[in-house]
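Asker: So that you have it, the file is upload01.csv, and it contains CSV, C-alpha atoms:
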```
chain,number,residue,atom,x,y,z
A,1,GLU,CA,-20.2,-10.6,36.1
A,2,VAL,CA,-20.8,-11.8,32.5
A,3,GLN,CA,-17.8,-11.4,30.3
A,4,VAL,CA,-18.9,-9.8,27.0
A,5,THR,CA,-16.8,-10.7,24.0
A,6,PHE,CA,-15.5,-7.7,22.0
A,7,LYS,CA,-16.5,-8.0,18.4
A,8,VAL,CA,-14.6,-6.6,15.3
A,9,SER,CA,-15.8,-6.3,11.7
A,10,TYR,CA,-13.2,-6.0,9.0
A,11,VAL,CA,-13.9,-4.6,5.5
A,12,PRO,CA,-10.6,-5.1,3.8
A,13,GLY,CA,-9.1,-4.1,0.4
A,14,PRO,CA,-9.3,-6.4,-2.7
A,15,GLY,CA,-6.7,-9.0,-1.5
A,16,ASP,CA,-7.5,-12.7,-1.1
A,17,VAL,CA,-8.1,-12.7,2.7
A,18,VAL,CA,-9.4,-16.3,2.6
A,19,GLY,CA,-6.2,-17.6,1.1
A,20,THR,CA,-4.2,-15.6,3.6
A,21,TYR,CA,-6.3,-17.0,6.5
A,22,GLU,CA,-5.6,-20.6,5.3
A,23,TYR,CA,-1.8,-19.9,5.4
A,24,TRP,CA,-2.2,-18.1,8.7
A,25,CYS,CA,-3.9,-21.2,10.2
A,26,LYS,CA,-0.8,-23.2,9.3
A,27,GLY,CA,1.4,-20.6,11.0
A,28,ILE,CA,3.0,-19.3,7.8
A,29,GLU,CA,3.0,-16.0,6.0
A,30,ASP,CA,1.2,-15.8,2.7
A,31,PRO,CA,4.0,-16.7,0.2
A,32,ARG,CA,2.1,-15.0,-2.7
A,33,VAL,CA,2.9,-11.5,-1.5
A,34,PRO,CA,6.3,-10.1,-0.5
A,35,VAL,CA,5.0,-8.1,2.5
A,36,MET,CA,3.2,-8.9,5.8
A,37,THR,CA,-0.5,-8.7,4.8
A,38,TYR,CA,-3.0,-6.6,6.7
A,39,SER,CA,-5.4,-9.5,7.0
A,40,SER,CA,-2.9,-11.8,8.7
A,41,MET,CA,-2.1,-9.0,11.1
A,42,MET,CA,-5.8,-8.6,11.8
A,43,TYR,CA,-6.2,-12.4,12.5
A,44,SER,CA,-3.3,-12.2,14.9
A,45,ALA,CA,-4.5,-9.1,16.6
A,46,VAL,CA,-8.1,-10.4,17.2
A,47,LYS,CA,-6.7,-13.7,18.5
A,48,LYS,CA,-4.4,-11.8,21.0
A,49,ILE,CA,-7.3,-9.9,22.6
A,50,ASN,CA,-9.7,-12.9,22.5
A,51,ALA,CA,-12.2,-11.1,20.4
A,52,LYS,CA,-14.6,-12.2,17.7
A,53,LEU,CA,-14.0,-11.3,14.0
A,54,GLN,CA,-16.2,-10.8,11.0
A,55,VAL,CA,-14.4,-10.6,7.7
A,56,VAL,CA,-16.2,-9.2,4.6
A,57,THR,CA,-14.9,-10.8,1.4
A,58,PRO,CA,-16.0,-11.5,-2.2
A,59,PHE,CA,-14.3,-14.9,-1.9
A,60,SER,CA,-16.0,-18.1,-0.9
A,61,PRO,CA,-15.6,-18.6,2.9
A,62,PRO,CA,-13.1,-21.2,4.0
A,63,ASP,CA,-14.1,-24.5,5.7
A,64,THR,CA,-13.5,-23.6,9.4
A,65,ASN,CA,-15.0,-24.8,12.7
A,66,GLU,CA,-13.5,-21.9,14.6
A,67,ASP,CA,-16.1,-20.0,16.5
A,68,TRP,CA,-14.1,-16.8,16.9
A,69,ILE,CA,-14.2,-15.9,13.1
A,70,ILE,CA,-16.9,-15.7,10.4
A,71,PHE,CA,-16.5,-14.7,6.7
A,72,SER,CA,-19.4,-12.8,5.2
A,73,GLN,CA,-19.3,-13.2,1.4
A,74,VAL,CA,-20.3,-10.0,-0.5
A,75,PRO,CA,-19.8,-10.1,-4.3
A,76,GLU,CA,-17.6,-7.6,-6.1
A,77,THR,CA,-19.3,-4.5,-7.6
A,78,SER,CA,-21.4,-4.9,-10.7
A,79,ASN,CA,-19.9,-4.0,-14.1
A,80,THR,CA,-23.3,-3.3,-15.6
A,81,LYS,CA,-24.0,-0.2,-13.4
A,82,SER,CA,-22.1,3.1,-12.9
A,83,TYR,CA,-19.2,3.0,-10.4
A,84,PHE,CA,-21.0,4.9,-7.7
A,85,LEU,CA,-24.3,3.0,-8.0
A,86,SER,CA,-22.5,-0.4,-7.8
A,87,GLN,CA,-20.5,0.8,-4.8
A,88,ILE,CA,-23.6,2.0,-3.0
A,89,GLU,CA,-25.3,-1.3,-3.7
A,90,ARG,CA,-22.3,-3.3,-2.4
A,91,LEU,CA,-22.0,-1.1,0.7
A,92,ARG,CA,-25.7,-1.6,1.5
A,93,THR,CA,-25.1,-5.3,1.4
A,94,ILE,CA,-22.1,-5.0,3.6
A,95,ARG,CA,-24.1,-2.8,6.0
A,96,SER,CA,-26.8,-5.6,6.4
A,97,HIS,CA,-24.0,-8.1,7.3
A,98,LEU,CA,-22.6,-5.6,9.9
A,99,ASP,CA,-26.1,-5.2,11.4
A,100,SER,CA,-26.5,-9.0,11.7
A,101,PHE,CA,-23.1,-9.3,13.4
A,102,SER,CA,-23.5,-6.2,15.6
A,103,PRO,CA,-19.8,-5.4,16.1
A,104,ASP,CA,-18.2,-3.0,18.6
A,105,ILE,CA,-15.8,-1.6,16.0
A,106,VAL,CA,-15.7,-1.7,12.2
A,107,ILE,CA,-12.3,-1.4,10.4
A,108,VAL,CA,-12.6,-0.2,6.9
A,109,ALA,CA,-9.8,-0.1,4.3
A,110,SER,CA,-9.6,3.1,2.3
A,111,ASP,CA,-10.4,1.3,-1.0
A,112,ILE,CA,-14.0,2.1,-0.1
A,113,PRO,CA,-14.9,5.7,-1.4
A,114,THR,CA,-14.6,8.0,1.7
A,115,ILE,CA,-17.7,10.0,0.5
A,116,LEU,CA,-19.8,6.8,1.0
A,117,LEU,CA,-18.7,6.0,4.5
A,118,PHE,CA,-22.0,7.2,6.0
A,119,ILE,CA,-23.5,3.9,4.7
A,120,LEU,CA,-21.4,2.0,7.2
A,121,LYS,CA,-21.7,4.3,10.2
A,122,SER,CA,-23.9,3.5,13.2
A,123,SER,CA,-24.2,4.8,16.7
A,124,ARG,CA,-23.8,1.1,17.8
A,125,TRP,CA,-20.2,0.8,16.8
A,126,LYS,CA,-16.9,2.7,16.4
A,127,LEU,CA,-15.6,3.3,12.8
A,128,CYS,CA,-11.9,3.1,12.1
A,129,LEU,CA,-10.2,3.7,8.7
A,130,SER,CA,-7.1,1.9,7.5
A,131,ILE,CA,-5.8,4.5,5.0
A,132,HIS,CA,-3.5,3.2,2.2
A,133,ASN,CA,-3.6,6.2,-0.2
A,134,THR,CA,-3.2,10.0,0.0
A,135,TYR,CA,-6.1,12.3,-0.8
A,136,TRP,CA,-4.0,14.3,-3.3
A,137,PRO,CA,-0.4,13.9,-4.6
A,138,ALA,CA,2.2,14.1,-1.8
A,139,GLY,CA,4.1,17.3,-1.5
A,140,ARG,CA,1.5,19.2,-3.5
A,141,ASN,CA,-1.2,21.6,-2.3
A,142,PRO,CA,-4.8,20.3,-2.1
A,143,PRO,CA,-6.8,20.8,-5.4
A,144,VAL,CA,-8.6,24.2,-5.7
A,145,GLY,CA,-11.8,25.3,-7.5
A,146,TYR,CA,-15.5,24.8,-7.0
A,147,ARG,CA,-15.6,21.1,-7.7
A,148,ALA,CA,-12.6,20.4,-5.5
A,149,TRP,CA,-14.3,22.4,-2.7
A,150,ILE,CA,-17.5,20.3,-3.0
A,151,LYS,CA,-15.4,17.1,-3.0
A,152,ARG,CA,-13.4,18.3,0.0
A,153,ARG,CA,-16.6,19.2,2.0
A,154,LEU,CA,-18.1,15.7,1.2
A,155,LEU,CA,-14.8,14.1,2.4
A,156,GLN,CA,-14.9,16.2,5.6
A,157,LEU,CA,-18.6,15.3,6.3
A,158,ASN,CA,-17.9,11.6,6.0
A,159,LEU,CA,-14.6,11.8,7.9
A,160,SER,CA,-16.5,13.4,10.8
A,161,LEU,CA,-18.2,10.0,11.2
A,162,VAL,CA,-14.8,8.3,11.8
A,163,ASP,CA,-13.4,7.7,15.3
A,164,ALA,CA,-9.9,6.5,14.5
A,165,ALA,CA,-7.5,5.9,11.6
A,166,ILE,CA,-4.3,4.1,10.9
A,167,CYS,CA,-2.3,5.7,8.1
A,168,THR,CA,0.2,4.0,5.9
A,169,SER,CA,2.6,6.9,5.8
A,170,LYS,CA,3.4,10.3,7.5
A,171,GLU,CA,2.0,12.0,4.4
A,172,CYS,CA,-1.3,10.2,4.7
A,173,ALA,CA,-1.5,11.2,8.3
A,174,ARG,CA,-0.7,14.9,7.5
A,175,GLN,CA,-3.4,15.1,4.9
A,176,LEU,CA,-6.0,13.4,7.1
A,177,GLY,CA,-5.1,15.9,9.9
A,178,MET,CA,-5.8,18.8,7.5
A,179,LEU,CA,-9.2,17.3,6.6
A,180,SER,CA,-10.3,16.4,10.2
A,181,GLN,CA,-9.0,17.5,13.6
A,182,ARG,CA,-11.1,15.1,15.7
A,183,ILE,CA,-9.9,11.7,14.4
A,184,LYS,CA,-7.4,9.7,16.6
A,185,ILE,CA,-4.6,9.2,14.0
A,186,LYS,CA,-1.9,6.6,14.2
A,187,THR,CA,0.9,6.1,11.6
A,188,GLU,CA,2.2,2.7,10.9
A,189,LEU,CA,5.7,1.7,10.0
A,190,PRO,CA,6.1,-1.2,7.5
A,191,VAL,CA,7.0,-4.6,9.0
A,192,VAL,CA,10.2,-5.9,7.4
A,193,ARG,CA,10.0,-9.6,7.8
A,194,HIS,CA,12.5,-10.7,5.1
A,195,LYS,CA,16.0,-11.2,6.5
A,196,ILE,CA,18.5,-8.6,5.4
A,197,VAL,CA,20.5,-10.0,2.5
A,198,PRO,CA,22.8,-7.1,1.2
A,199,ASN,CA,23.6,-7.5,-2.5
A,200,GLU,CA,27.1,-6.7,-3.7
A,201,SER,CA,26.3,-4.2,-6.5
A,202,THR,CA,28.8,-1.3,-6.8
A,203,MET,CA,27.3,0.5,-9.8
A,204,VAL,CA,23.9,1.1,-11.4
A,205,ARG,CA,23.4,-1.0,-14.5
A,206,LYS,CA,20.3,-3.1,-13.6
A,207,LEU,CA,17.1,-1.2,-12.9
A,208,VAL,CA,13.8,-2.7,-11.7
A,209,PHE,CA,10.2,-1.5,-11.6
A,210,LEU,CA,7.9,-3.6,-9.4
A,211,GLY,CA,4.2,-2.7,-9.1
A,212,ARG,CA,1.0,-2.1,-11.1
A,213,ILE,CA,1.6,-1.8,-14.8
A,214,GLU,CA,-0.4,1.4,-15.3
A,215,SER,CA,0.3,4.7,-17.0
A,216,SER,CA,-0.3,6.6,-13.7
A,217,LYS,CA,2.5,4.6,-12.2
A,218,GLY,CA,5.0,6.1,-14.7
A,219,VAL,CA,5.9,2.8,-16.5
A,220,PHE,CA,5.8,4.3,-20.0
A,221,MET,CA,7.9,7.3,-19.0
A,222,LEU,CA,10.5,5.0,-17.4
A,223,ALA,CA,10.6,2.7,-20.4
A,224,ASP,CA,11.1,5.7,-22.7
A,225,CYS,CA,13.9,7.0,-20.6
A,226,VAL,CA,15.7,3.6,-20.5
A,227,ASN,CA,15.2,3.2,-24.2
A,228,GLN,CA,17.1,6.5,-24.8
A,229,LEU,CA,19.8,6.0,-22.1
A,230,SER,CA,20.6,2.5,-23.4
A,231,GLU,CA,22.0,4.1,-26.6
A,232,THR,CA,24.8,5.7,-24.6
A,233,VAL,CA,24.9,3.0,-21.8
A,234,PRO,CA,24.4,-0.2,-23.8
A,235,GLU,CA,24.8,-2.5,-20.6
A,236,LEU,CA,21.8,-0.7,-18.9
A,237,ILE,CA,18.9,-3.1,-18.3
A,238,CYS,CA,15.5,-2.5,-16.9
A,239,ASN,CA,13.1,-5.2,-15.7
A,240,PHE,CA,9.4,-4.5,-15.2
A,241,ALA,CA,7.4,-6.8,-13.0
A,242,GLY,CA,3.7,-6.8,-12.0
A,243,VAL,CA,0.3,-6.6,-13.7
A,244,GLY,CA,-2.3,-3.9,-14.2
A,245,SER,CA,-4.9,-2.4,-16.4
A,246,ASP,CA,-2.3,-1.3,-19.0
A,247,SER,CA,-0.4,-4.6,-19.1
A,248,ASN,CA,-1.4,-5.4,-22.7
A,249,LYS,CA,-0.8,-1.8,-23.8
A,250,PHE,CA,2.7,-2.0,-22.2
A,251,ILE,CA,3.5,-5.3,-24.0
A,252,ASP,CA,2.4,-3.7,-27.4
A,253,TYR,CA,4.6,-0.7,-26.6
A,254,LEU,CA,7.7,-2.9,-25.8
A,255,SER,CA,7.2,-4.8,-29.1
A,256,GLN,CA,7.2,-1.5,-31.0
A,257,VAL,CA,10.3,-0.2,-29.1
A,258,ASN,CA,12.0,-3.6,-29.6
A,259,ASN,CA,14.8,-2.9,-27.1
A,260,LYS,CA,16.3,-6.1,-25.7
A,261,ASN,CA,17.5,-4.1,-22.6
A,262,ILE,CA,13.9,-3.7,-21.5
A,263,ASN,CA,12.1,-6.8,-20.2
A,264,TYR,CA,8.6,-7.4,-19.0
A,265,LEU,CA,8.4,-10.3,-16.5
A,266,GLY,CA,4.6,-10.2,-15.6
A,267,LYS,CA,3.4,-11.3,-12.2
A,268,LEU,CA,5.9,-12.7,-9.7
A,269,SER,CA,5.6,-14.7,-6.5
A,270,ALA,CA,7.0,-13.3,-3.2
A,271,GLU,CA,10.1,-15.4,-3.6
A,272,GLU,CA,10.7,-14.2,-7.2
A,273,VAL,CA,10.2,-10.6,-6.1
A,274,HIS,CA,13.0,-10.8,-3.6
A,275,GLU,CA,15.2,-12.7,-6.0
A,276,LEU,CA,14.7,-10.0,-8.6
A,277,LEU,CA,15.4,-7.2,-6.1
A,278,HIS,CA,18.5,-8.9,-4.9
A,279,ASN,CA,19.8,-9.1,-8.4
A,280,SER,CA,19.1,-5.4,-9.2
A,281,ASP,CA,21.1,-2.3,-8.6
A,282,LEU,CA,18.3,0.3,-8.3
A,283,LEU,CA,14.6,0.3,-7.8
A,284,VAL,CA,12.7,3.0,-9.7
A,285,VAL,CA,9.3,4.2,-8.4
A,286,PRO,CA,8.2,6.8,-11.1
A,287,THR,CA,4.6,7.3,-9.8
A,288,THR,CA,2.9,10.3,-11.5
A,289,THR,CA,0.7,13.0,-10.0
A,290,ALA,CA,-2.3,11.2,-11.6
A,291,PHE,CA,-2.1,8.6,-8.7
A,292,ASN,CA,-2.4,9.3,-5.0
A,293,GLU,CA,0.4,7.0,-3.7
A,294,GLY,CA,0.1,6.1,-0.1
A,295,LEU,CA,3.6,4.9,0.6
A,296,ALA,CA,5.2,2.5,-1.9
A,297,LEU,CA,6.1,-0.5,0.3
A,298,VAL,CA,8.3,-1.9,-2.5
A,299,GLY,CA,11.0,0.7,-1.4
A,300,PHE,CA,11.2,-1.1,1.9
A,301,GLU,CA,11.4,-4.5,0.2
A,302,ALA,CA,14.3,-3.3,-1.9
A,303,ALA,CA,15.9,-1.8,1.2
A,304,VAL,CA,16.4,-5.3,2.8
A,305,HIS,CA,18.7,-6.1,-0.1
A,306,ILE,CA,20.4,-2.7,0.4
A,307,VAL,CA,19.1,-1.7,-3.1
A,308,PRO,CA,18.5,2.1,-3.1
A,309,SER,CA,15.5,3.6,-4.8
A,310,LEU,CA,14.8,6.5,-7.1
A,311,PHE,CA,11.4,7.8,-6.1
A,312,SER,CA,9.3,10.5,-7.8
A,313,ASP,CA,8.6,13.2,-5.3
A,314,VAL,CA,4.9,12.2,-4.9
A,315,VAL,CA,6.0,8.9,-3.3
A,316,PRO,CA,5.8,9.2,0.5
A,317,ALA,CA,8.3,6.4,1.1
A,318,HIS,CA,11.2,8.8,0.4
A,319,GLU,CA,10.6,10.4,3.8
A,320,TYR,CA,11.8,7.3,5.5
A,321,PHE,CA,15.1,7.1,3.5
A,322,GLU,CA,16.8,10.5,4.1
A,323,ASN,CA,20.2,10.6,2.3
A,324,ALA,CA,19.6,6.9,1.3
A,325,CYS,CA,17.5,7.4,-1.9
A,326,SER,CA,17.3,9.7,-4.9
A,327,ILE,CA,14.3,11.8,-5.8
A,328,PHE,CA,13.1,13.3,-9.1
A,329,GLU,CA,10.2,15.6,-9.9
A,330,ALA,CA,7.0,13.6,-10.7
A,331,ASP,CA,5.8,13.8,-14.4
A,332,ASN,CA,9.2,15.3,-15.4
A,333,ALA,CA,10.8,12.9,-17.9
A,334,LYS,CA,13.9,15.1,-18.2
A,335,ASP,CA,14.5,15.1,-14.4
A,336,LEU,CA,14.0,11.3,-14.3
A,337,GLU,CA,16.7,11.0,-17.0
A,338,LEU,CA,19.0,13.5,-15.2
A,339,LYS,CA,18.7,11.6,-11.9
A,340,LEU,CA,19.3,8.2,-13.6
A,341,LYS,CA,22.4,9.6,-15.3
A,342,GLU,CA,23.7,10.9,-12.0
A,343,LEU,CA,23.3,7.4,-10.4
A,344,ILE,CA,24.8,5.6,-13.4
A,345,ASN,CA,27.8,7.9,-13.7
A,346,ASN,CA,28.6,8.7,-10.0
A,347,THR,CA,29.5,5.4,-8.3
A,348,GLU,CA,30.6,7.3,-5.2
A,349,TYR,CA,27.2,8.8,-4.8
A,350,TYR,CA,25.5,5.4,-5.4
A,351,LEU,CA,27.7,3.7,-2.7
A,352,LYS,CA,26.9,6.5,-0.2
A,353,LEU,CA,23.2,5.8,-0.7
A,354,LYS,CA,23.8,2.1,-0.1
A,355,TYR,CA,25.8,2.9,3.1
A,356,ASN,CA,23.1,5.1,4.5
A,357,LEU,CA,20.4,2.6,3.5
A,358,ASN,CA,22.0,0.0,5.6
A,359,ILE,CA,21.6,2.2,8.7
A,360,HIS,CA,18.0,3.0,7.9
A,361,ILE,CA,16.9,-0.6,7.5
A,362,GLN,CA,18.4,-1.6,10.9
A,363,GLU,CA,16.2,1.0,12.5
A,364,LEU,CA,13.1,-0.2,10.6
A,365,ILE,CA,13.4,-3.8,11.9
A,366,ASP,CA,13.0,-3.1,15.6
A,367,HIS,CA,9.9,-1.1,16.2
A,368,GLN,CA,6.5,-1.3,17.9
A,369,GLN,CA,4.6,0.7,15.3
A,370,SER,CA,3.3,-1.9,12.9
A,371,TRP,CA,-0.3,-1.9,11.7
A,372,GLU,CA,-1.0,-4.8,14.1
A,373,ASP,CA,0.5,-2.9,17.1
A,374,HIS,CA,-1.8,0.1,16.3
A,375,ILE,CA,-4.9,-2.0,15.7
A,376,ILE,CA,-4.5,-3.8,19.1
A,377,SER,CA,-4.0,-0.4,20.8
A,378,ILE,CA,-7.3,0.9,19.2
A,379,PHE,CA,-9.1,-2.3,20.2
A,380,LYS,CA,-8.0,-1.9,23.8
A,381,ASP,CA,-9.1,1.8,23.8
A,382,TYR,CA,-12.6,0.9,22.9
A,383,GLN,CA,-12.7,-2.5,24.6
A,384,HIS,CA,-12.9,-0.9,28.0
A,385,SER,CA,-14.8,2.2,27.1
```
Give the structure from the file, written as structure tokens.
Answerer:
Amino acid sequence: EVQVTFKVSYVPGPGDVVGTYEYWCKGIEDPRVPVMTYSSMMYSAVKKINAKLQVVTPFSPPDTNEDWIIFSQVPETSNTKSYFLSQIERLRTIRSHLDSFSPDIVIVASDIPTILLFILKSSRWKLCLSIHNTYWPAGRNPPVGYRAWIKRRLLQLNLSLVDAAICTSKECARQLGMLSQRIKIKTELPVVRHKIVPNESTMVRKLVFLGRIESSKGVFMLADCVNQLSETVPELICNFAGVGSDSNKFIDYLSQVNNKNINYLGKLSAEEVHELLHNSDLLVVPTTTAFNEGLALVGFEAAVHIVPSLFSDVVPAHEYFENACSIFEADNAKDLELKLKELINNTEYYLKLKYNLNIHIQELIDHQQSWEDHIISIFKDYQHS
């Protein structure tokens, strides 16, 4: 009997999968990011089941003589055309690469617009989504109105082409279940690789924001709030780290505010991220309803240092830290200020959050529900079907 090799195609998000592959080949985690990357988990999963892998990437393929993996280079979308036209063009190019490789399963990151998934569907392969964002703000009702109804129908039609999905959070899985009853849904738990190094903070004076510098992530609202609070709590400091489409606007804003208690550190390495978290008292994740947050992994990164988080209520990560985090109403600057004051003034409450966080993080270390565990399970389902 001829043994047929199982073939996997991977259409990832915007990360540098080639650079990660080069680190993975050396047996080390990509030091540029503070979390376990999806692409490194994909390389490990495919290797474990002795399959062949095609990775679609805008980056130049690496020099490799390995026969189990190929990198298909597809340029980023064109800036000269409309968003949808350039996406359709790029997906058609991806489709031609998939047709050449002829996989058994295609794993697609949800960075690709769901309403264009039909371009990547074929009766010759299974289609699996890796979903990193919610479809509407967590904890809110789905949008209503005629346009929302049309969008939802288009979503449902394209999701009817999907066989399986791995969701980054319970909220993503809930919303997907509302849109489609036929998809096999698995929910991943983040992989906490960094060793637990509890910091010694006993009160809230050093705040940190880590993520994309964008208005929809609530950075301006947080900076405003800290600017006001620092008048009554002069030792309150807030460090912002990350880059994004509003980085320059944020730098201009800070120069106008001219408050030495608010610092912008720009982009940090994985090591610097953990050093910053370790030296902070509280992580603030003030995402607004304008952004469909999938999880907010940074809350888990902070947790390994036993640094509690203050999440807006549209951030699904708060579900994993019951009684170990604080929550404020998204878009509500007054509530953000109220919750920050409570954490600053009530040290007993803050220390209770730290105590509970220590219990949660131990539970998060030993589990078999990582993205890699789920992707292997999906491969095995279809490998023998």
Asker: Could you produce a table of the residues of segment 27-130 of chain A lying within 12 Å of segment 183-203 of chain A, with the nearest pair of atoms per residue and their separation in Å rounded to one decimal, using only C-alpha atoms, ordered by chain and increasing residue number, as a Markdown table?
Answerer:
```
| residue | atom | partner | partner_atom | distance |
| --- | --- | --- | --- | --- |
| A:Ile28 | CA | A:Arg193 | CA | 12.0 |
| A:Glu29 | CA | A:Arg193 | CA | 9.7 |
| A:Asp30 | CA | A:Arg193 | CA | 11.9 |
| A:Pro31 | CA | A:His194 | CA | 11.5 |
| A:Val33 | CA | A:His194 | CA | 11.7 |
| A:Pro34 | CA | A:His194 | CA | 8.4 |
| A:Val35 | CA | A:Arg193 | CA | 7.4 |
| A:Met36 | CA | A:Val191 | CA | 6.6 |
| A:Thr37 | CA | A:Val191 | CA | 9.5 |
| A:Tyr38 | CA | A:Val191 | CA | 10.5 |
| A:Met41 | CA | A:Val191 | CA | 10.3 |
| A:Lys126 | CA | A:Ile183 | CA | 11.6 |
| A:Leu127 | CA | A:Ile183 | CA | 10.3 |
| A:Cys128 | CA | A:Ile183 | CA | 9.1 |
| A:Leu129 | CA | A:Ile185 | CA | 9.5 |
| A:Ser130 | CA | A:Lys186 | CA | 9.7 |
```
Asker: At most 12 Å from (2.5, 18.4, -2.0), file frame, all atoms listed in the file: which residues, as an mmCIF file with C-alpha atoms, in the frame of the given file?
Answerer:
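Heads up, here's the output in part.cif:
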```cif
data_model
loop_
_atom_site.group_PDB
_atom_site.id
_atom_site.type_symbol
_atom_site.label_atom_id
_atom_site.label_comp_id
_atom_site.auth_asym_id
_atom_site.auth_seq_id
_atom_site.Cartn_x
_atom_site.Cartn_y
_atom_site.Cartn_z
ATOM 1 C CA THR A 134 -3.200 10.000 0.000
ATOM 2 C CA TYR A 135 -6.100 12.300 -0.800
ATOM 3 C CA TRP A 136 -4.000 14.300 -3.300
ATOM 4 C CA PRO A 137 -0.400 13.900 -4.600
ATOM 5 C CA ALA A 138 2.200 14.100 -1.800
ATOM 6 C CA GLY A 139 4.100 17.300 -1.500
ATOM 7 C CA ARG A 140 1.500 19.200 -3.500
ATOM 8 C CA ASN A 141 -1.200 21.600 -2.300
ATOM 9 C CA PRO A 142 -4.800 20.300 -2.100
ATOM 10 C CA PRO A 143 -6.800 20.800 -5.400
ATOM 11 C CA GLU A 171 2.000 12.000 4.400
ATOM 12 C CA CYS A 172 -1.300 10.200 4.700
ATOM 13 C CA ARG A 174 -0.700 14.900 7.500
ATOM 14 C CA GLN A 175 -3.400 15.100 4.900
ATOM 15 C CA THR A 289 0.700 13.000 -10.000
ATOM 16 C CA ASN A 292 -2.400 9.300 -5.000
ATOM 17 C CA GLU A 293 0.400 7.000 -3.700
ATOM 18 C CA SER A 312 9.300 10.500 -7.800
ATOM 19 C CA ASP A 313 8.600 13.200 -5.300
ATOM 20 C CA VAL A 314 4.900 12.200 -4.900
ATOM 21 C CA VAL A 315 6.000 8.900 -3.300
ATOM 22 C CA PRO A 316 5.800 9.200 0.500
ATOM 23 C CA GLU A 329 10.200 15.600 -9.900
ATOM 24 C CA ALA A 330 7.000 13.600 -10.700
#
```
Asker: Measuring atom to atom with only C-alpha atoms, identify which of A:Leu353, A:Ala302, A:Leu310, A:Ile361 is nearest to Pro286 of chain A.
Answerer: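 Checking each candidate against Pro286 of chain A, we get A:Leu310 as the closest.
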Asker: As number ranges by chain, please: the residues near Val298 of chain A (cut-off 10 Å, all atoms listed in the file, same-chain neighbours under 4 positions excluded).
Answerer: A: 34-35, 209-211, 273, 277, 283-285, 302-303, 309, 317
Asker: Hey, what's within 12 Å of Ser160 of chain A if we count only C-alpha atoms and toss same-chain stuff fewer than 3 positions away? As a compact mmCIF listing (two decimals) with C-alpha atoms, in the coordinates of the input, please?
Answerer:
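Result file part-v3.txt:
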```txt
# COMPACT_ATOMS: atom_id res chain seq x y z
CA THR A 114 -14.60 8.00 1.70
CA ILE A 115 -17.70 10.00 0.50
CA LEU A 117 -18.70 6.00 4.50
CA PHE A 118 -22.00 7.20 6.00
CA LYS A 121 -21.70 4.30 10.20
CA LEU A 127 -15.60 3.30 12.80
CA CYS A 128 -11.90 3.10 12.10
CA LEU A 129 -10.20 3.70 8.70
CA ARG A 153 -16.60 19.20 2.00
CA LEU A 154 -18.10 15.70 1.20
CA LEU A 155 -14.80 14.10 2.40
CA GLN A 156 -14.90 16.20 5.60
CA LEU A 157 -18.60 15.30 6.30
CA ASP A 163 -13.40 7.70 15.30
CA ALA A 164 -9.90 6.50 14.50
CA ALA A 165 -7.50 5.90 11.60
CA LEU A 176 -6.00 13.40 7.10
CA GLY A 177 -5.10 15.90 9.90
CA LEU A 179 -9.20 17.30 6.60
CA SER A 180 -10.30 16.40 10.20
CA GLN A 181 -9.00 17.50 13.60
CA ARG A 182 -11.10 15.10 15.70
CA ILE A 183 -9.90 11.70 14.40
CA LYS A 184 -7.40 9.70 16.60
```
Asker: Between A:Lys334, A:His278, A:His305, A:His132, which one has atoms that come closest to Ser169 of chain A, using only C-alpha atoms?
Answerer: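 Checking each of A:Lys334, A:His278, A:His305, A:His132 against Ser169 of chain A, counting only C-alpha atoms, the winner is A:His132.
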Asker: I'd like the interatomic distance between atom CA of Gln54 of chain A and atom CA of Leu85 of chain A, to a tenth of an Å.
Answerer: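 Pair atom CA of Gln54 of chain A / atom CA of Leu85 of chain A returns 24.8 Å.
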Asker: Kindly extract all protein, DNA and RNA residues lying within 9 Å of the coordinates (7.4, -7.7, -11.8) given in the file, considering all atoms listed in the file, and supply them as a PyMOL selection string.
Answerer: chain A and resi 208-213+239-243+264-269+272-273+276
Asker: Figure out the distance between atom CA of Tyr83 of chain A and atom CA of Leu116 of chain A, please, to one decimal in Å.
Answerer: 12.0 Å
Asker: For atom CA of Ser123 of chain A and atom CA of Leu161 of chain A, determine how far apart the two atoms are, in Å to one decimal place.
Answerer: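 That distance, rounded to one decimal, is 9.7 Å.
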Asker: With all atoms listed in the file as the basis for distance, which of A:Val226, A:Cys25, A:Ala45, A:Leu207 is at the shortest distance from Leu338 of chain A?
Answerer: A:Val226
